file input03.cif (mmCIF, C-alpha atoms)
data_entry
loop_
_atom_site.label_atom_id
_atom_site.label_comp_id
_atom_site.auth_asym_id
_atom_site.auth_seq_id
_atom_site.Cartn_x
_atom_site.Cartn_y
_atom_site.Cartn_z
CA GLN A 1 10.95 -15.34 1.53
CA VAL A 2 8.05 -12.92 1.59
CA GLN A 3 5.50 -13.26 -1.19
CA LEU A 4 3.06 -10.46 -1.89
CA VAL A 5 -0.01 -10.22 -4.11
CA GLU A 6 -1.55 -6.79 -4.62
CA SER A 7 -4.94 -6.13 -6.22
CA GLY A 8 -7.66 -3.52 -6.53
CA GLY A 9 -6.08 -0.95 -8.79
CA GLY A 10 -7.69 0.55 -11.85
CA LEU A 11 -8.66 3.69 -13.70
CA VAL A 12 -10.62 6.24 -11.70
CA GLN A 13 -11.63 9.85 -12.21
CA PRO A 14 -10.23 12.60 -9.99
CA GLY A 15 -12.14 12.65 -6.71
CA GLY A 16 -12.91 8.95 -6.94
CA SER A 17 -12.02 6.10 -4.61
CA LEU A 18 -10.29 2.75 -4.76
CA ARG A 19 -9.53 0.06 -2.20
CA LEU A 20 -6.30 -1.86 -2.60
CA SER A 21 -5.62 -5.24 -1.03
CA CYS A 22 -2.38 -7.08 -0.44
CA THR A 23 -2.03 -10.63 0.81
CA ALA A 24 1.31 -11.70 2.22
CA SER A 25 2.79 -15.14 2.75
CA GLY A 26 6.16 -16.48 3.80
CA ILE A 27 6.24 -14.26 6.89
CA ILE A 28 4.51 -14.21 10.27
CA PHE A 29 2.14 -11.48 9.17
CA ARG A 30 0.83 -10.51 12.60
CA LEU A 31 4.37 -9.84 13.83
CA ASN A 32 5.27 -7.48 10.98
CA ALA A 33 4.61 -3.82 10.42
CA MET A 34 3.27 -3.42 6.89
CA GLY A 35 3.47 -0.59 4.41
CA TRP A 36 2.00 0.59 1.15
CA TYR A 37 4.45 2.09 -1.31
CA ARG A 38 4.03 3.63 -4.73
CA GLN A 39 6.23 4.32 -7.71
CA ALA A 40 5.28 6.83 -10.35
CA PRO A 41 6.98 6.83 -13.77
CA GLY A 42 10.48 8.26 -13.52
CA LYS A 43 10.34 8.52 -9.74
CA GLN A 44 11.69 6.57 -6.78
CA ARG A 45 9.45 4.21 -4.88
CA GLU A 46 8.03 5.98 -1.83
CA LEU A 47 6.32 4.85 1.35
CA VAL A 48 2.84 6.35 1.55
CA ALA A 49 1.36 4.60 4.59
CA HIS A 50 2.33 2.06 7.19
CA ILE A 51 0.66 0.22 10.02
CA SER A 52 2.32 -1.25 13.07
CA VAL A 53 1.80 -4.65 14.62
CA ARG A 54 -0.58 -3.03 17.10
CA GLY A 55 -2.46 -1.06 14.44
CA SER A 56 -0.88 2.36 14.76
CA THR A 57 -0.83 4.15 11.43
CA ASN A 58 1.32 6.77 9.75
CA TYR A 59 0.93 8.56 6.43
CA ALA A 60 2.96 10.62 4.02
CA ASP A 61 1.86 14.24 4.01
CA SER A 62 0.73 13.92 0.40
CA VAL A 63 -1.97 11.36 1.29
CA LYS A 64 -2.83 12.29 4.87
CA GLY A 65 -6.57 12.68 5.35
CA ARG A 66 -7.36 10.89 2.08
CA PHE A 67 -5.86 7.40 2.47
CA THR A 68 -6.49 4.88 5.23
CA ILE A 69 -4.37 1.79 5.85
CA SER A 70 -5.77 -1.18 7.75
CA ARG A 71 -4.91 -4.82 8.32
CA ASP A 72 -6.66 -8.13 8.90
CA ASN A 73 -4.24 -10.51 10.59
CA ALA A 74 -6.63 -13.45 10.20
CA LYS A 75 -6.40 -13.04 6.42
CA ASN A 76 -2.73 -11.97 6.23
CA THR A 77 -4.01 -8.96 4.33
CA VAL A 78 -3.34 -5.24 4.42
CA TYR A 79 -5.66 -2.71 2.78
CA LEU A 80 -5.37 0.82 1.49
CA GLN A 81 -8.58 2.81 1.15
CA MET A 82 -7.93 5.74 -1.16
CA ASN A 83 -10.43 8.59 -1.34
CA SER A 84 -10.41 11.95 -3.08
CA LEU A 85 -7.90 10.64 -5.58
CA LYS A 86 -5.79 13.10 -7.54
CA PRO A 87 -3.91 12.72 -10.82
CA GLU A 88 -0.65 12.87 -8.86
CA ASP A 89 -1.67 9.66 -7.08
CA THR A 90 -1.15 7.79 -10.37
CA ALA A 91 1.47 5.11 -9.76
CA VAL A 92 2.06 1.42 -9.32
CA TYR A 93 1.21 0.57 -5.72
CA TYR A 94 3.06 -2.11 -3.77
CA CYS A 95 2.88 -3.46 -0.26
CA ASN A 96 5.64 -4.97 1.83
CA GLY A 97 6.69 -5.65 5.35
CA LEU A 98 8.72 -2.70 6.56
CA ALA A 99 11.48 -5.12 7.56
CA TYR A 100 11.59 -6.53 4.04
CA ALA A 101 11.58 -3.35 1.97
CA ASP A 102 15.34 -3.55 1.37
CA SER A 103 15.31 -7.27 0.63
CA GLY A 104 14.44 -6.91 -3.04
CA SER A 105 11.35 -9.09 -2.62
CA TRP A 106 8.34 -7.28 -4.06
CA GLY A 107 5.06 -8.30 -5.62
CA GLN A 108 3.89 -7.32 -9.07
CA GLY A 109 2.11 -4.25 -7.76
CA THR A 110 -1.24 -2.85 -8.86
CA GLN A 111 -1.61 0.08 -11.24
CA VAL A 112 -3.65 3.07 -10.12
CA THR A 113 -4.45 5.66 -12.77
CA VAL A 114 -6.33 8.83 -11.88
CA SER A 115 -7.50 10.62 -14.98
CA SER A 116 -10.57 12.21 -16.48
#

call {"tool": "encode", "arguments": {"input": "input03.cif", "output": "structure tokens"}}
result
Amino acid sequence: QVQLVESGGGLVQPGGSLRLSCTASGIIFRLNAMGWYRQAPGKQRELVAHISVRGSTNYADSVKGRFTISRDNAKNTVYLQMNSLKPEDTAVYYCNGLAYADSGSWGQGTQVTVSS
């Protein structure tokens, strides 16, 4: 069963930056595409960025040009660099393997709050 530990969230002013980290265990990390998801209050969880096994990346239109996803297979860790943050980026951020997103196995997430 996949186990995920997210960190790096916090309170930041609009225009600021944060770097999220997520360490995965229980899966062969290097063989799994990984994604960052977020869930804002009252909204469905959404996929904001994902990275393939080979390092190809894809982003939701709402974060394109501001967020960068990367991975370190030696550390079983996926990162999300978030720049030019906006209040609408406020959410709990989660990571997961794309193949596991429907499994019900999620970490505790990390809260990101963008506010002045």

call {"tool": "closest_residue", "arguments": {"input": "input03.cif", "among": "A:Ala101, A:Leu85, A:Cys95, A:Met34", "to": "Val12 (chain A)", "atoms": "only C-alpha atoms"}}
result
A:Leu85

call {"tool": "resolve_selection", "arguments": {"input": "input03.cif", "expression": "the PyMOL selection byres ((chain A and resi 80) around 12)", "output": "number ranges by chain"}}
result
A: 6-9, 17-23, 34-38, 48-51, 57, 59, 63, 66-72, 77-79, 81-83, 93-95, 110, 112

call {"tool": "closest_residue", "arguments": {"input": "input03.cif", "among": "A:Ser105, A:Gln111, A:Ser116, A:Asn73", "to": "Gly55 (chain A)", "atoms": "only C-alpha atoms"}}
result
A:Asn73

call {"tool": "atom_distance", "arguments": {"input": "input03.cif", "atom1": "CA of Gly42 (chain A)", "atom2": "CA of Tyr100 (chain A)"}}
result
23.0 Å

call {"tool": "residues_near_point", "arguments": {"input": "input03.cif", "point": "(5.6, -9.3, 0.1)", "cutoff": "6 Å", "atoms": "all atoms listed in the file", "output": "list in words"}}
result
Val2, Gln3, Leu4, Ala24, Asn96, Trp106 and Gly107 of chain A

call {"tool": "atom_distance", "arguments": {"input": "input03.cif", "atom1": "CA of Lys64 (chain A)", "atom2": "CA of Lys86 (chain A)"}}
result
12.8 Å

call {"tool": "closest_residue", "arguments": {"input": "input03.cif", "among": "A:Gly16, A:Val5, A:Ser62, A:Arg45", "to": "Glu88 (chain A)", "atoms": "all atoms listed in the file"}}
result
A:Ser62

call {"tool": "closest_residue", "arguments": {"input": "input03.cif", "among": "A:Ala99, A:Ile27, A:Leu47, A:Leu11", "to": "Asn76 (chain A)", "atoms": "all atoms listed in the file"}}
result
A:Ile27

call {"tool": "axis_aligned_box", "arguments": {"input": "input03.cif", "around": "region 18-32 of chain A", "padding_each_side": "5 Å", "output": "lines of an AutoDock Vina configuration file"}}
result
center_x = -2.0
center_y = -6.9
center_z = 4.5
size_x = 26.5
size_y = 29.2
size_z = 28.6

call {"tool": "atom_distance", "arguments": {"input": "input03.cif", "atom1": "CA of Thr113 (chain A)", "atom2": "CA of Gln13 (chain A)"}}
result
8.3 Å

call {"tool": "resolve_selection", "arguments": {"input": "input03.cif", "expression": "the PyMOL selection byres ((chain A and resi 31) around 10)", "output": "ChimeraX atom specification"}}
result
/A:27-30,32-34,52-54,73,97

call {"tool": "build_atoms", "arguments": {"input": "input03.cif", "residues": "region 98-109 of chain A", "atoms": "all heavy atoms", "output": "PDB file, in the frame of the given file"}}
result
ATOM      1  N   LEU A  98       7.705  -3.741   6.440  1.00  0.00           N
ATOM      2  CA  LEU A  98       8.720  -2.700   6.560  1.00  0.00           C
ATOM      3  C   LEU A  98      10.112  -3.312   6.730  1.00  0.00           C
ATOM      4  O   LEU A  98      11.102  -2.757   6.263  1.00  0.00           O
ATOM      5  CB  LEU A  98       8.391  -1.786   7.743  1.00  0.00           C
ATOM      6  CG  LEU A  98       7.617  -0.504   7.390  1.00  0.00           C
ATOM      7  CD1 LEU A  98       6.286  -0.837   6.753  1.00  0.00           C
ATOM      8  CD2 LEU A  98       7.427   0.366   8.612  1.00  0.00           C
ATOM      9  N   ALA A  99      10.186  -4.461   7.354  1.00  0.00           N
ATOM     10  CA  ALA A  99      11.480  -5.120   7.560  1.00  0.00           C
ATOM     11  C   ALA A  99      12.015  -5.755   6.288  1.00  0.00           C
ATOM     12  O   ALA A  99      13.181  -6.141   6.244  1.00  0.00           O
ATOM     13  CB  ALA A  99      11.344  -6.174   8.650  1.00  0.00           C
ATOM     14  N   TYR A 100      11.198  -5.851   5.266  1.00  0.00           N
ATOM     15  CA  TYR A 100      11.590  -6.530   4.040  1.00  0.00           C
ATOM     16  C   TYR A 100      11.776  -5.585   2.864  1.00  0.00           C
ATOM     17  O   TYR A 100      12.104  -6.013   1.762  1.00  0.00           O
ATOM     18  CB  TYR A 100      10.542  -7.588   3.669  1.00  0.00           C
ATOM     19  CG  TYR A 100      10.440  -8.698   4.689  1.00  0.00           C
ATOM     20  CD1 TYR A 100       9.616  -8.572   5.802  1.00  0.00           C
ATOM     21  CD2 TYR A 100      11.181  -9.860   4.551  1.00  0.00           C
ATOM     22  CE1 TYR A 100       9.542  -9.573   6.748  1.00  0.00           C
ATOM     23  CE2 TYR A 100      11.104 -10.873   5.483  1.00  0.00           C
ATOM     24  CZ  TYR A 100      10.280 -10.718   6.594  1.00  0.00           C
ATOM     25  OH  TYR A 100      10.206 -11.710   7.524  1.00  0.00           O
ATOM     26  N   ALA A 101      11.572  -4.304   3.079  1.00  0.00           N
ATOM     27  CA  ALA A 101      11.580  -3.350   1.970  1.00  0.00           C
ATOM     28  C   ALA A 101      12.936  -3.277   1.268  1.00  0.00           C
ATOM     29  O   ALA A 101      12.994  -2.960   0.081  1.00  0.00           O
ATOM     30  CB  ALA A 101      11.183  -1.974   2.465  1.00  0.00           C
ATOM     31  N   ASP A 102      14.010  -3.588   1.981  1.00  0.00           N
ATOM     32  CA  ASP A 102      15.340  -3.550   1.370  1.00  0.00           C
ATOM     33  C   ASP A 102      15.801  -4.910   0.881  1.00  0.00           C
ATOM     34  O   ASP A 102      16.939  -5.060   0.423  1.00  0.00           O
ATOM     35  CB  ASP A 102      16.362  -3.003   2.376  1.00  0.00           C
ATOM     36  CG  ASP A 102      16.115  -1.536   2.701  1.00  0.00           C
ATOM     37  OD1 ASP A 102      15.582  -0.822   1.830  1.00  0.00           O
ATOM     38  OD2 ASP A 102      16.436  -1.114   3.828  1.00  0.00           O
ATOM     39  N   SER A 103      14.922  -5.909   0.977  1.00  0.00           N
ATOM     40  CA  SER A 103      15.310  -7.270   0.630  1.00  0.00           C
ATOM     41  C   SER A 103      15.275  -7.546  -0.867  1.00  0.00           C
ATOM     42  O   SER A 103      15.826  -8.540  -1.331  1.00  0.00           O
ATOM     43  CB  SER A 103      14.390  -8.270   1.323  1.00  0.00           C
ATOM     44  OG  SER A 103      13.091  -8.204   0.752  1.00  0.00           O
ATOM     45  N   GLY A 104      14.594  -6.674  -1.607  1.00  0.00           N
ATOM     46  CA  GLY A 104      14.440  -6.910  -3.040  1.00  0.00           C
ATOM     47  C   GLY A 104      13.250  -7.780  -3.378  1.00  0.00           C
ATOM     48  O   GLY A 104      12.987  -8.039  -4.558  1.00  0.00           O
ATOM     49  N   SER A 105      12.512  -8.249  -2.380  1.00  0.00           N
ATOM     50  CA  SER A 105      11.350  -9.090  -2.620  1.00  0.00           C
ATOM     51  C   SER A 105      10.102  -8.215  -2.657  1.00  0.00           C
ATOM     52  O   SER A 105       9.670  -7.701  -1.631  1.00  0.00           O
ATOM     53  CB  SER A 105      11.211 -10.134  -1.503  1.00  0.00           C
ATOM     54  OG  SER A 105      12.273 -11.051  -1.543  1.00  0.00           O
ATOM     55  N   TRP A 106       9.537  -8.088  -3.855  1.00  0.00           N
ATOM     56  CA  TRP A 106       8.340  -7.280  -4.060  1.00  0.00           C
ATOM     57  C   TRP A 106       7.349  -8.069  -4.900  1.00  0.00           C
ATOM     58  O   TRP A 106       7.722  -8.947  -5.693  1.00  0.00           O
ATOM     59  CB  TRP A 106       8.685  -5.974  -4.779  1.00  0.00           C
ATOM     60  CG  TRP A 106       9.523  -5.058  -3.952  1.00  0.00           C
ATOM     61  CD1 TRP A 106      10.890  -5.029  -3.890  1.00  0.00           C
ATOM     62  CD2 TRP A 106       9.066  -4.043  -3.057  1.00  0.00           C
ATOM     63  NE1 TRP A 106      11.294  -4.065  -3.002  1.00  0.00           N
ATOM     64  CE2 TRP A 106      10.197  -3.440  -2.493  1.00  0.00           C
ATOM     65  CE3 TRP A 106       7.802  -3.584  -2.678  1.00  0.00           C
ATOM     66  CZ2 TRP A 106      10.113  -2.398  -1.567  1.00  0.00           C
ATOM     67  CZ3 TRP A 106       7.711  -2.558  -1.761  1.00  0.00           C
ATOM     68  CH2 TRP A 106       8.865  -1.964  -1.209  1.00  0.00           C
ATOM     69  N   GLY A 107       6.082  -7.725  -4.756  1.00  0.00           N
ATOM     70  CA  GLY A 107       5.060  -8.300  -5.620  1.00  0.00           C
ATOM     71  C   GLY A 107       5.033  -7.594  -6.957  1.00  0.00           C
ATOM     72  O   GLY A 107       5.895  -6.759  -7.263  1.00  0.00           O
ATOM     73  N   GLN A 108       4.003  -7.914  -7.733  1.00  0.00           N
ATOM     74  CA  GLN A 108       3.890  -7.320  -9.070  1.00  0.00           C
ATOM     75  C   GLN A 108       3.312  -5.914  -9.023  1.00  0.00           C
ATOM     76  O   GLN A 108       3.398  -5.165  -9.994  1.00  0.00           O
ATOM     77  CB  GLN A 108       3.027  -8.215  -9.982  1.00  0.00           C
ATOM     78  CG  GLN A 108       1.526  -8.029  -9.837  1.00  0.00           C
ATOM     79  CD  GLN A 108       0.961  -8.595  -8.553  1.00  0.00           C
ATOM     80  OE1 GLN A 108       1.645  -9.299  -7.807  1.00  0.00           O
ATOM     81  NE2 GLN A 108      -0.306  -8.286  -8.273  1.00  0.00           N
ATOM     82  N   GLY A 109       2.722  -5.556  -7.894  1.00  0.00           N
ATOM     83  CA  GLY A 109       2.110  -4.250  -7.760  1.00  0.00           C
ATOM     84  C   GLY A 109       0.756  -4.184  -8.445  1.00  0.00           C
ATOM     85  O   GLY A 109       0.346  -5.111  -9.164  1.00  0.00           O
TER      86      GLY A 109
END
